[in-house]
file data.pdb (PDB, C-alpha atoms)
ATOM      1  CA  MET A 145       0.000   0.000   0.000  1.00  0.00           C
ATOM      2  CA  THR A 146       1.275   3.437  -0.868  1.00  0.00           C
ATOM      3  CA  ALA A 147       1.636   5.949   1.955  1.00  0.00           C
ATOM      4  CA  TYR A 148      -0.764   8.858   2.076  1.00  0.00           C
ATOM      5  CA  PRO A 149       0.419  11.492  -0.429  1.00  0.00           C
ATOM      6  CA  PRO A 150       1.875  14.310   1.698  1.00  0.00           C
ATOM      7  CA  ALA A 151       0.985  16.903  -0.958  1.00  0.00           C
ATOM      8  CA  LEU A 152      -2.678  16.561   0.081  1.00  0.00           C
ATOM      9  CA  LEU A 153      -1.905  18.315   3.361  1.00  0.00           C
ATOM     10  CA  PRO A 154      -2.646  20.990   4.125  1.00  0.00           C
ATOM     11  CA  PHE A 155      -6.209  20.528   2.949  1.00  0.00           C
ATOM     12  CA  LEU A 156      -8.136  23.803   2.909  1.00  0.00           C
ATOM     13  CA  GLY A 157     -11.782  23.668   3.914  1.00  0.00           C
ATOM     14  CA  ARG A 158     -14.173  26.565   3.979  1.00  0.00           C
ATOM     15  CA  ARG A 159     -13.455  27.361   7.648  1.00  0.00           C
ATOM     16  CA  ILE A 160     -10.827  24.806   8.659  1.00  0.00           C
ATOM     17  CA  VAL A 161      -7.479  23.486   7.496  1.00  0.00           C
ATOM     18  CA  LEU A 162      -6.466  19.859   7.904  1.00  0.00           C
ATOM     19  CA  ARG A 163      -2.715  19.828   8.377  1.00  0.00           C
ATOM     20  CA  ARG A 164       0.188  18.111  10.032  1.00  0.00           C
ATOM     21  CA  LEU A 165       0.550  18.605  13.745  1.00  0.00           C
ATOM     22  CA  SER A 166       3.648  20.576  14.689  1.00  0.00           C
ATOM     23  CA  PRO A 167       5.782  21.143  17.800  1.00  0.00           C
ATOM     24  CA  ALA A 168       4.644  24.789  17.562  1.00  0.00           C
ATOM     25  CA  ASP A 169       1.098  23.550  18.398  1.00  0.00           C
ATOM     26  CA  LEU A 170       2.060  22.540  21.938  1.00  0.00           C
ATOM     27  CA  ALA A 171       0.187  25.268  23.856  1.00  0.00           C
ATOM     28  CA  ASP A 172      -3.014  24.930  21.811  1.00  0.00           C
ATOM     29  CA  PHE A 173      -2.850  21.112  21.861  1.00  0.00           C
ATOM     30  CA  GLN A 174      -2.351  21.032  25.619  1.00  0.00           C
ATOM     31  CA  ALA A 175      -5.139  23.565  26.211  1.00  0.00           C
ATOM     32  CA  TYR A 176      -7.865  21.363  24.741  1.00  0.00           C
ATOM     33  CA  ARG A 177      -6.288  18.040  25.713  1.00  0.00           C
ATOM     34  CA  HIS A 178      -6.288  19.189  29.369  1.00  0.00           C
ATOM     35  CA  ASP A 179      -9.919  20.365  29.254  1.00  0.00           C
ATOM     36  CA  PRO A 180     -11.921  17.755  31.235  1.00  0.00           C
ATOM     37  CA  GLN A 181     -15.039  18.317  29.103  1.00  0.00           C
ATOM     38  CA  VAL A 182     -13.158  17.745  25.833  1.00  0.00           C
ATOM     39  CA  GLY A 183     -11.570  14.565  27.192  1.00  0.00           C
ATOM     40  CA  LEU A 184     -14.681  13.226  28.934  1.00  0.00           C
ATOM     41  CA  TYR A 185     -15.381  10.418  26.430  1.00  0.00           C
ATOM     42  CA  GLN A 186     -11.967  10.203  24.769  1.00  0.00           C
ATOM     43  CA  GLY A 187      -9.638   7.215  24.865  1.00  0.00           C
ATOM     44  CA  TRP A 188      -6.669   9.508  25.530  1.00  0.00           C
ATOM     45  CA  THR A 189      -5.690  11.179  28.791  1.00  0.00           C
ATOM     46  CA  PRO A 190      -3.735  14.432  29.177  1.00  0.00           C
ATOM     47  CA  TRP A 191       0.047  14.217  28.903  1.00  0.00           C
ATOM     48  CA  PRO A 192       2.830  16.271  30.475  1.00  0.00           C
ATOM     49  CA  ASP A 193       4.332  18.865  28.117  1.00  0.00           C
ATOM     50  CA  THR A 194       7.414  16.753  27.379  1.00  0.00           C
ATOM     51  CA  GLN A 195       5.338  13.767  26.242  1.00  0.00           C
ATOM     52  CA  ALA A 196       2.950  15.961  24.225  1.00  0.00           C
ATOM     53  CA  ALA A 197       5.886  17.751  22.553  1.00  0.00           C
ATOM     54  CA  ALA A 198       7.444  14.413  21.577  1.00  0.00           C
ATOM     55  CA  PHE A 199       4.097  13.246  20.163  1.00  0.00           C
ATOM     56  CA  LEU A 200       3.642  16.440  18.113  1.00  0.00           C
ATOM     57  CA  ALA A 201       7.195  16.149  16.775  1.00  0.00           C
ATOM     58  CA  ALA A 202       6.591  12.513  15.806  1.00  0.00           C
ATOM     59  CA  MET A 203       3.279  13.330  14.076  1.00  0.00           C
ATOM     60  CA  SER A 204       4.794  16.280  12.205  1.00  0.00           C
ATOM     61  CA  ASN A 205       6.564  13.940   9.798  1.00  0.00           C
ATOM     62  CA  ALA A 206       5.196  10.443  10.473  1.00  0.00           C
ATOM     63  CA  PRO A 207       3.833   8.460   7.537  1.00  0.00           C
ATOM     64  CA  LEU A 208       0.066   8.897   7.415  1.00  0.00           C
ATOM     65  CA  PHE A 209      -2.620   6.287   6.793  1.00  0.00           C
ATOM     66  CA  GLU A 210      -0.218   3.365   7.063  1.00  0.00           C
ATOM     67  CA  PRO A 211      -1.819   0.026   7.993  1.00  0.00           C
ATOM     68  CA  ARG A 212      -1.689  -0.941  11.687  1.00  0.00           C
ATOM     69  CA  THR A 213      -0.763   2.596  12.766  1.00  0.00           C
ATOM     70  CA  TRP A 214      -2.662   5.465  14.367  1.00  0.00           C
ATOM     71  CA  CYS A 215      -1.893   8.907  12.966  1.00  0.00           C
ATOM     72  CA  GLN A 216      -3.151  12.318  14.025  1.00  0.00           C
ATOM     73  CA  ILE A 217      -4.022  15.191  11.717  1.00  0.00           C
ATOM     74  CA  GLY A 218      -4.428  18.693  13.077  1.00  0.00           C
ATOM     75  CA  ILE A 219      -7.605  20.721  12.630  1.00  0.00           C
ATOM     76  CA  ALA A 220      -6.717  24.413  12.393  1.00  0.00           C
ATOM     77  CA  ASP A 221      -8.879  27.495  12.184  1.00  0.00           C
ATOM     78  CA  ARG A 222      -8.489  28.673   8.595  1.00  0.00           C
ATOM     79  CA  PRO A 223      -8.361  32.445   9.231  1.00  0.00           C
ATOM     80  CA  THR A 224      -5.819  32.272  12.079  1.00  0.00           C
ATOM     81  CA  GLY A 225      -4.022  28.927  11.614  1.00  0.00           C
ATOM     82  CA  THR A 226      -4.590  28.145  15.305  1.00  0.00           C
ATOM     83  CA  LEU A 227      -4.865  24.455  16.178  1.00  0.00           C
ATOM     84  CA  ILE A 228      -8.415  23.792  17.399  1.00  0.00           C
ATOM     85  CA  GLY A 229      -8.472  19.989  17.411  1.00  0.00           C
ATOM     86  CA  ASP A 230      -7.229  16.802  15.858  1.00  0.00           C
ATOM     87  CA  ILE A 231      -8.427  13.707  14.060  1.00  0.00           C
ATOM     88  CA  GLY A 232      -7.021  10.268  14.801  1.00  0.00           C
ATOM     89  CA  ILE A 233      -7.076   7.663  12.044  1.00  0.00           C
ATOM     90  CA  HIS A 234      -6.094   4.015  12.261  1.00  0.00           C
ATOM     91  CA  VAL A 235      -5.939   1.965   9.064  1.00  0.00           C
ATOM     92  CA  ALA A 236      -6.420  -1.761   9.681  1.00  0.00           C
ATOM     93  CA  ALA A 237      -3.832  -4.344   8.654  1.00  0.00           C
ATOM     94  CA  GLY A 238      -5.390  -5.087   5.268  1.00  0.00           C
ATOM     95  CA  GLY A 239      -5.724  -1.418   4.329  1.00  0.00           C
ATOM     96  CA  GLN A 240      -9.437  -1.732   3.520  1.00  0.00           C
ATOM     97  CA  GLU A 241     -10.880  -0.470   6.814  1.00  0.00           C
ATOM     98  CA  ALA A 242     -10.043   2.507   8.995  1.00  0.00           C
ATOM     99  CA  GLU A 243     -11.210   3.837  12.344  1.00  0.00           C
ATOM    100  CA  ILE A 244     -11.618   7.549  12.953  1.00  0.00           C
ATOM    101  CA  GLY A 245     -11.821   9.607  16.140  1.00  0.00           C
ATOM    102  CA  PHE A 246     -11.791  13.346  16.733  1.00  0.00           C
ATOM    103  CA  SER A 247     -11.329  16.030  19.386  1.00  0.00           C
ATOM    104  CA  LEU A 248     -12.199  19.720  19.181  1.00  0.00           C
ATOM    105  CA  ARG A 249     -11.571  22.472  21.708  1.00  0.00           C
ATOM    106  CA  ALA A 250     -14.694  23.519  23.631  1.00  0.00           C
ATOM    107  CA  GLN A 251     -14.968  27.049  22.201  1.00  0.00           C
ATOM    108  CA  SER A 252     -15.017  25.647  18.638  1.00  0.00           C
ATOM    109  CA  GLN A 253     -17.745  23.076  19.302  1.00  0.00           C
ATOM    110  CA  GLY A 254     -21.316  23.509  18.122  1.00  0.00           C
ATOM    111  CA  LEU A 255     -20.314  25.556  15.052  1.00  0.00           C
ATOM    112  CA  GLY A 256     -20.101  22.779  12.459  1.00  0.00           C
ATOM    113  CA  LEU A 257     -16.293  22.867  12.386  1.00  0.00           C
ATOM    114  CA  ALA A 258     -15.885  19.244  13.486  1.00  0.00           C
ATOM    115  CA  THR A 259     -18.394  18.151  10.843  1.00  0.00           C
ATOM    116  CA  GLU A 260     -16.450  20.041   8.169  1.00  0.00           C
ATOM    117  CA  ALA A 261     -13.116  18.599   9.345  1.00  0.00           C
ATOM    118  CA  VAL A 262     -14.237  14.979   9.745  1.00  0.00           C
ATOM    119  CA  SER A 263     -16.068  15.109   6.408  1.00  0.00           C
ATOM    120  CA  ALA A 264     -12.878  16.327   4.697  1.00  0.00           C
ATOM    121  CA  ALA A 265     -10.792  13.610   6.385  1.00  0.00           C
ATOM    122  CA  ILE A 266     -13.258  10.938   5.250  1.00  0.00           C
ATOM    123  CA  ARG A 267     -13.140  12.239   1.700  1.00  0.00           C
ATOM    124  CA  LEU A 268      -9.331  12.206   1.692  1.00  0.00           C
ATOM    125  CA  LEU A 269      -9.273   8.653   3.041  1.00  0.00           C
ATOM    126  CA  PHE A 270     -11.738   7.324   0.474  1.00  0.00           C
ATOM    127  CA  GLU A 271     -10.206   9.177  -2.468  1.00  0.00           C
ATOM    128  CA  HIS A 272      -6.514   8.575  -1.769  1.00  0.00           C
ATOM    129  CA  THR A 273      -6.208   5.232   0.031  1.00  0.00           C
ATOM    130  CA  ALA A 274      -7.505   1.694  -0.420  1.00  0.00           C
ATOM    131  CA  VAL A 275      -9.915   2.196   2.507  1.00  0.00           C
ATOM    132  CA  THR A 276     -13.458   1.208   1.559  1.00  0.00           C
ATOM    133  CA  ARG A 277     -15.034   1.113   5.027  1.00  0.00           C
ATOM    134  CA  LEU A 278     -14.743   3.560   7.880  1.00  0.00           C
ATOM    135  CA  ILE A 279     -15.753   2.955  11.480  1.00  0.00           C
ATOM    136  CA  GLY A 280     -16.218   5.210  14.468  1.00  0.00           C
ATOM    137  CA  ILE A 281     -16.679   4.027  18.044  1.00  0.00           C
ATOM    138  CA  ILE A 282     -18.499   6.511  20.256  1.00  0.00           C
ATOM    139  CA  ASP A 283     -19.493   6.406  23.924  1.00  0.00           C
ATOM    140  CA  ALA A 284     -23.314   6.212  23.993  1.00  0.00           C
ATOM    141  CA  ARG A 285     -23.403   9.289  26.271  1.00  0.00           C
ATOM    142  CA  ASN A 286     -21.524  11.444  23.738  1.00  0.00           C
ATOM    143  CA  LEU A 287     -24.593  12.779  21.913  1.00  0.00           C
ATOM    144  CA  PRO A 288     -22.851  15.560  19.928  1.00  0.00           C
ATOM    145  CA  SER A 289     -20.368  13.083  18.411  1.00  0.00           C
ATOM    146  CA  ILE A 290     -23.154  10.605  17.667  1.00  0.00           C
ATOM    147  CA  ARG A 291     -25.097  13.333  15.842  1.00  0.00           C
ATOM    148  CA  LEU A 292     -21.953  14.311  13.900  1.00  0.00           C
ATOM    149  CA  LEU A 293     -21.363  10.760  12.636  1.00  0.00           C
ATOM    150  CA  GLU A 294     -25.019  10.395  11.694  1.00  0.00           C
ATOM    151  CA  ARG A 295     -24.959  13.742   9.833  1.00  0.00           C
ATOM    152  CA  LEU A 296     -22.069  12.353   7.788  1.00  0.00           C
ATOM    153  CA  GLY A 297     -24.102   9.296   6.808  1.00  0.00           C
ATOM    154  CA  MET A 298     -22.569   6.789   9.195  1.00  0.00           C
ATOM    155  CA  GLN A 299     -24.909   4.045  10.395  1.00  0.00           C
ATOM    156  CA  ARG A 300     -24.952   2.458  13.843  1.00  0.00           C
ATOM    157  CA  VAL A 301     -24.038  -1.195  13.325  1.00  0.00           C
ATOM    158  CA  ALA A 302     -23.381  -2.458  16.863  1.00  0.00           C
ATOM    159  CA  VAL A 303     -23.701  -1.727  20.557  1.00  0.00           C
ATOM    160  CA  ILE A 304     -20.636  -2.722  22.569  1.00  0.00           C
ATOM    161  CA  HIS A 305     -20.781  -3.278  26.328  1.00  0.00           C
ATOM    162  CA  THR A 306     -17.365  -2.473  27.718  1.00  0.00           C
ATOM    163  CA  ILE A 307     -15.419  -0.919  30.572  1.00  0.00           C
ATOM    164  CA  PHE A 308     -14.271   2.683  30.126  1.00  0.00           C
ATOM    165  CA  ARG A 309     -11.983   4.208  32.754  1.00  0.00           C
ATOM    166  CA  GLY A 310     -12.978   1.500  35.201  1.00  0.00           C
ATOM    167  CA  GLU A 311     -16.743   1.910  34.732  1.00  0.00           C
ATOM    168  CA  PRO A 312     -19.193  -0.168  32.665  1.00  0.00           C
ATOM    169  CA  CYS A 313     -20.462   1.691  29.612  1.00  0.00           C
ATOM    170  CA  GLU A 314     -22.016   1.249  26.189  1.00  0.00           C
ATOM    171  CA  GLU A 315     -20.256   2.263  23.016  1.00  0.00           C
ATOM    172  CA  TYR A 316     -21.866   2.551  19.610  1.00  0.00           C
ATOM    173  CA  ARG A 317     -20.005   1.313  16.566  1.00  0.00           C
ATOM    174  CA  TYR A 318     -20.769   3.298  13.409  1.00  0.00           C
ATOM    175  CA  ALA A 319     -19.772   2.380   9.858  1.00  0.00           C
ATOM    176  CA  LEU A 320     -19.639   4.058   6.475  1.00  0.00           C
ATOM    177  CA  ALA A 321     -18.810   2.322   3.203  1.00  0.00           C
ATOM    178  CA  SER A 322     -17.180   4.235   0.399  1.00  0.00           C
ATOM    179  CA  THR A 323     -19.414   4.693  -2.619  1.00  0.00           C
ATOM    180  CA  LEU A 324     -16.541   6.241  -4.552  1.00  0.00           C
ATOM    181  CA  ARG A 325     -14.965   2.928  -5.575  1.00  0.00           C
ATOM    182  CA  LYS A 326     -18.366   1.343  -6.213  1.00  0.00           C
ATOM    183  CA  GLU A 327     -19.340   4.208  -8.530  1.00  0.00           C
ATOM    184  CA  ALA A 328     -15.957   4.095 -10.283  1.00  0.00           C
ATOM    185  CA  SER A 329     -16.120   0.328 -10.877  1.00  0.00           C
ATOM    186  CA  THR A 330     -19.760   0.536 -12.030  1.00  0.00           C
ATOM    187  CA  SER A 331     -19.039   3.337 -14.498  1.00  0.00           C
ATOM    188  CA  ALA A 332     -15.973   1.478 -15.794  1.00  0.00           C
ATOM    189  CA  SER A 333     -18.039  -1.608 -16.721  1.00  0.00           C
TER     190      SER A 333
END
call {"tool": "encode", "arguments": {"input": "data.pdb", "output": "structure tokens"}}
result
Amino acid sequence: MTAYPPALLPFLGRRIVLRRLSPADLADFQAYRHDPQVGLYQGWTPWPDTQAAAFLAAMSNAPLFEPRTWCQIGIADRPTGTLIGDIGIHVAAGGQEAEIGFSLRAQSQGLGLATEAVSAAIRLLFEHTAVTRLIGIIDARNLPSIRLLERLGMQRVAVIHTIFRGEPCEEYRYALASTLRKEASTSAS
């Protein structure tokens, strides 16, 4: 499988930019990653500055969308370039399926910015990788993220009973199949 073409980043949206994370993002990254409300249903926990700086440096030039590897893409405010969130993507071993997760600072939530960013990331995945199916796993209590995935056309396909941070919880598994390859193969016949 070919690595994600780096020339596709930065990707300019109407109000956001998808771009590489950078060591210069440390203060903004730490601000939202240390906000208890932003991290309430996330699989990550806040890191000390040294660990976060090392992570940002690693993500600034790590291969993206490689099978068996999580990568993070920054979500920046287009007018200012300020980091406002990130999107995590894990491509499965076979390269056909990927999982997506996202975080957005509190003051940028409720404005449609996460929808714009996640939609753009999905489009990039389906257009420039072999991924044909995308999944998202969301805590059942995280209603804004559930609504976002449903707005993007993802369908709930399973309910998972699990333990999250030591407590029993339900997670919803959402899936979206790419129609891009189906349309291309149908039109080619």
call {"tool": "resolve_selection", "arguments": {"input": "data.pdb", "expression": "the PyMOL selection byres ((chain A and resi 179) around 12)", "output": "MDAnalysis selection string"}}
result
chainID A and resid 172:178 180:186 188:191 229 247:251
call {"tool": "residues_around", "arguments": {"input": "data.pdb", "residues": "Ala258 of chain A", "least_positions_apart": "4", "cutoff": "9 Å", "atoms": "all atoms listed in the file", "output": "PyMOL selection string"}}
result
chain A and resi 160+219+229+246-248+252-254+262-263+292
call {"tool": "closest_residue", "arguments": {"input": "data.pdb", "among": "A:Glu210, A:Asp193, A:Glu241, A:Glu260", "to": "Val161 of chain A", "atoms": "all atoms listed in the file"}}
result
A:Glu260
call {"tool": "resolve_selection", "arguments": {"input": "data.pdb", "expression": "the PyMOL selection byres ((chain A and resi 281-283) around 7)", "output": "ChimeraX atom specification"}}
result
/A:185,279-280,284-286,290,314-318
call {"tool": "write_last_selection", "arguments": {"input": "data.pdb", "atoms": "C-alpha atoms", "output": "mmCIF file, keeping the file's coordinate frame"}}
result
data_model
loop_
_atom_site.group_PDB
_atom_site.id
_atom_site.type_symbol
_atom_site.label_atom_id
_atom_site.label_comp_id
_atom_site.auth_asym_id
_atom_site.auth_seq_id
_atom_site.Cartn_x
_atom_site.Cartn_y
_atom_site.Cartn_z
ATOM 1 C CA TYR A 185 -15.381 10.418 26.430
ATOM 2 C CA ILE A 279 -15.753 2.955 11.480
ATOM 3 C CA GLY A 280 -16.218 5.210 14.468
ATOM 4 C CA ALA A 284 -23.314 6.212 23.993
ATOM 5 C CA ARG A 285 -23.403 9.289 26.271
ATOM 6 C CA ASN A 286 -21.524 11.444 23.738
ATOM 7 C CA ILE A 290 -23.154 10.605 17.667
ATOM 8 C CA GLU A 314 -22.016 1.249 26.189
ATOM 9 C CA GLU A 315 -20.256 2.263 23.016
ATOM 10 C CA TYR A 316 -21.866 2.551 19.610
ATOM 11 C CA ARG A 317 -20.005 1.313 16.566
ATOM 12 C CA TYR A 318 -20.769 3.298 13.409
#
call {"tool": "residues_near_point", "arguments": {"input": "data.pdb", "point": "(-11.4, -0.3, 4.8)", "cutoff": "8 Å", "atoms": "only C-alpha atoms", "output": "list in words"}}
result
Val235, Ala236, Gly238, Gly239, Gln240, Glu241, Ala242, Ala274, Val275, Thr276, Arg277 and Leu278 of chain A
call {"tool": "atom_distance", "arguments": {"input": "data.pdb", "atom1": "atom CA of Arg295 of chain A", "atom2": "atom CA of Ala220 of chain A"}}
result
21.3 Å
call {"tool": "closest_residue", "arguments": {"input": "data.pdb", "among": "A:Arg300, A:Arg291, A:Leu152, A:Leu162", "to": "Gly232 of chain A", "atoms": "only C-alpha atoms"}}
result
A:Leu162
call {"tool": "atom_distance", "arguments": {"input": "data.pdb", "atom1": "atom CA of Leu165 of chain A", "atom2": "atom CA of Leu153 of chain A"}}
result
10.7 Å
call {"tool": "closest_residue", "arguments": {"input": "data.pdb", "among": "A:Val301, A:Ala151, A:Ala168, A:Ile307", "to": "Thr226 of chain A", "atoms": "only C-alpha atoms"}}
result
A:Ala168
call {"tool": "closest_residue", "arguments": {"input": "data.pdb", "among": "A:Thr224, A:Ser289, A:Gln299, A:Ser322", "to": "Arg159 of chain A", "atoms": "only C-alpha atoms"}}
result
A:Thr224
call {"tool": "atom_distance", "arguments": {"input": "data.pdb", "atom1": "atom CA of Gln195 of chain A", "atom2": "atom CA of Leu170 of chain A"}}
result
10.3 Å
call {"tool": "decode", "arguments": {"input": "data.pdb", "residues": "segment 199-257 of chain A", "atoms": "C-alpha atoms", "output": "mmCIF file, in the first residue's frame"}}
result
data_model
loop_
_atom_site.group_PDB
_atom_site.id
_atom_site.type_symbol
_atom_site.label_atom_id
_atom_site.label_comp_id
_atom_site.auth_asym_id
_atom_site.auth_seq_id
_atom_site.Cartn_x
_atom_site.Cartn_y
_atom_site.Cartn_z
ATOM 1 C CA PHE A 199 4.097 13.246 20.163
ATOM 2 C CA LEU A 200 3.642 16.440 18.113
ATOM 3 C CA ALA A 201 7.195 16.149 16.775
ATOM 4 C CA ALA A 202 6.591 12.513 15.806
ATOM 5 C CA MET A 203 3.279 13.330 14.076
ATOM 6 C CA SER A 204 4.794 16.280 12.205
ATOM 7 C CA ASN A 205 6.564 13.940 9.798
ATOM 8 C CA ALA A 206 5.196 10.443 10.473
ATOM 9 C CA PRO A 207 3.833 8.460 7.537
ATOM 10 C CA LEU A 208 0.066 8.897 7.415
ATOM 11 C CA PHE A 209 -2.620 6.287 6.793
ATOM 12 C CA GLU A 210 -0.218 3.365 7.063
ATOM 13 C CA PRO A 211 -1.819 0.026 7.993
ATOM 14 C CA ARG A 212 -1.689 -0.941 11.687
ATOM 15 C CA THR A 213 -0.763 2.596 12.766
ATOM 16 C CA TRP A 214 -2.662 5.465 14.367
ATOM 17 C CA CYS A 215 -1.893 8.907 12.966
ATOM 18 C CA GLN A 216 -3.151 12.318 14.025
ATOM 19 C CA ILE A 217 -4.022 15.191 11.717
ATOM 20 C CA GLY A 218 -4.428 18.693 13.077
ATOM 21 C CA ILE A 219 -7.605 20.721 12.630
ATOM 22 C CA ALA A 220 -6.717 24.413 12.393
ATOM 23 C CA ASP A 221 -8.879 27.495 12.184
ATOM 24 C CA ARG A 222 -8.489 28.673 8.595
ATOM 25 C CA PRO A 223 -8.361 32.445 9.231
ATOM 26 C CA THR A 224 -5.819 32.272 12.079
ATOM 27 C CA GLY A 225 -4.022 28.927 11.614
ATOM 28 C CA THR A 226 -4.590 28.145 15.305
ATOM 29 C CA LEU A 227 -4.865 24.455 16.178
ATOM 30 C CA ILE A 228 -8.415 23.792 17.399
ATOM 31 C CA GLY A 229 -8.472 19.989 17.411
ATOM 32 C CA ASP A 230 -7.229 16.802 15.858
ATOM 33 C CA ILE A 231 -8.427 13.707 14.060
ATOM 34 C CA GLY A 232 -7.021 10.268 14.801
ATOM 35 C CA ILE A 233 -7.076 7.663 12.044
ATOM 36 C CA HIS A 234 -6.094 4.015 12.261
ATOM 37 C CA VAL A 235 -5.939 1.965 9.064
ATOM 38 C CA ALA A 236 -6.420 -1.761 9.681
ATOM 39 C CA ALA A 237 -3.832 -4.344 8.654
ATOM 40 C CA GLY A 238 -5.390 -5.087 5.268
ATOM 41 C CA GLY A 239 -5.724 -1.418 4.329
ATOM 42 C CA GLN A 240 -9.437 -1.732 3.520
ATOM 43 C CA GLU A 241 -10.880 -0.470 6.814
ATOM 44 C CA ALA A 242 -10.043 2.507 8.995
ATOM 45 C CA GLU A 243 -11.210 3.837 12.344
ATOM 46 C CA ILE A 244 -11.618 7.549 12.953
ATOM 47 C CA GLY A 245 -11.821 9.607 16.140
ATOM 48 C CA PHE A 246 -11.791 13.346 16.733
ATOM 49 C CA SER A 247 -11.329 16.030 19.386
ATOM 50 C CA LEU A 248 -12.199 19.720 19.181
ATOM 51 C CA ARG A 249 -11.571 22.472 21.708
ATOM 52 C CA ALA A 250 -14.694 23.519 23.631
ATOM 53 C CA GLN A 251 -14.968 27.049 22.201
ATOM 54 C CA SER A 252 -15.017 25.647 18.638
ATOM 55 C CA GLN A 253 -17.745 23.076 19.302
ATOM 56 C CA GLY A 254 -21.316 23.509 18.122
ATOM 57 C CA LEU A 255 -20.314 25.556 15.052
ATOM 58 C CA GLY A 256 -20.101 22.779 12.459
ATOM 59 C CA LEU A 257 -16.293 22.867 12.386
#
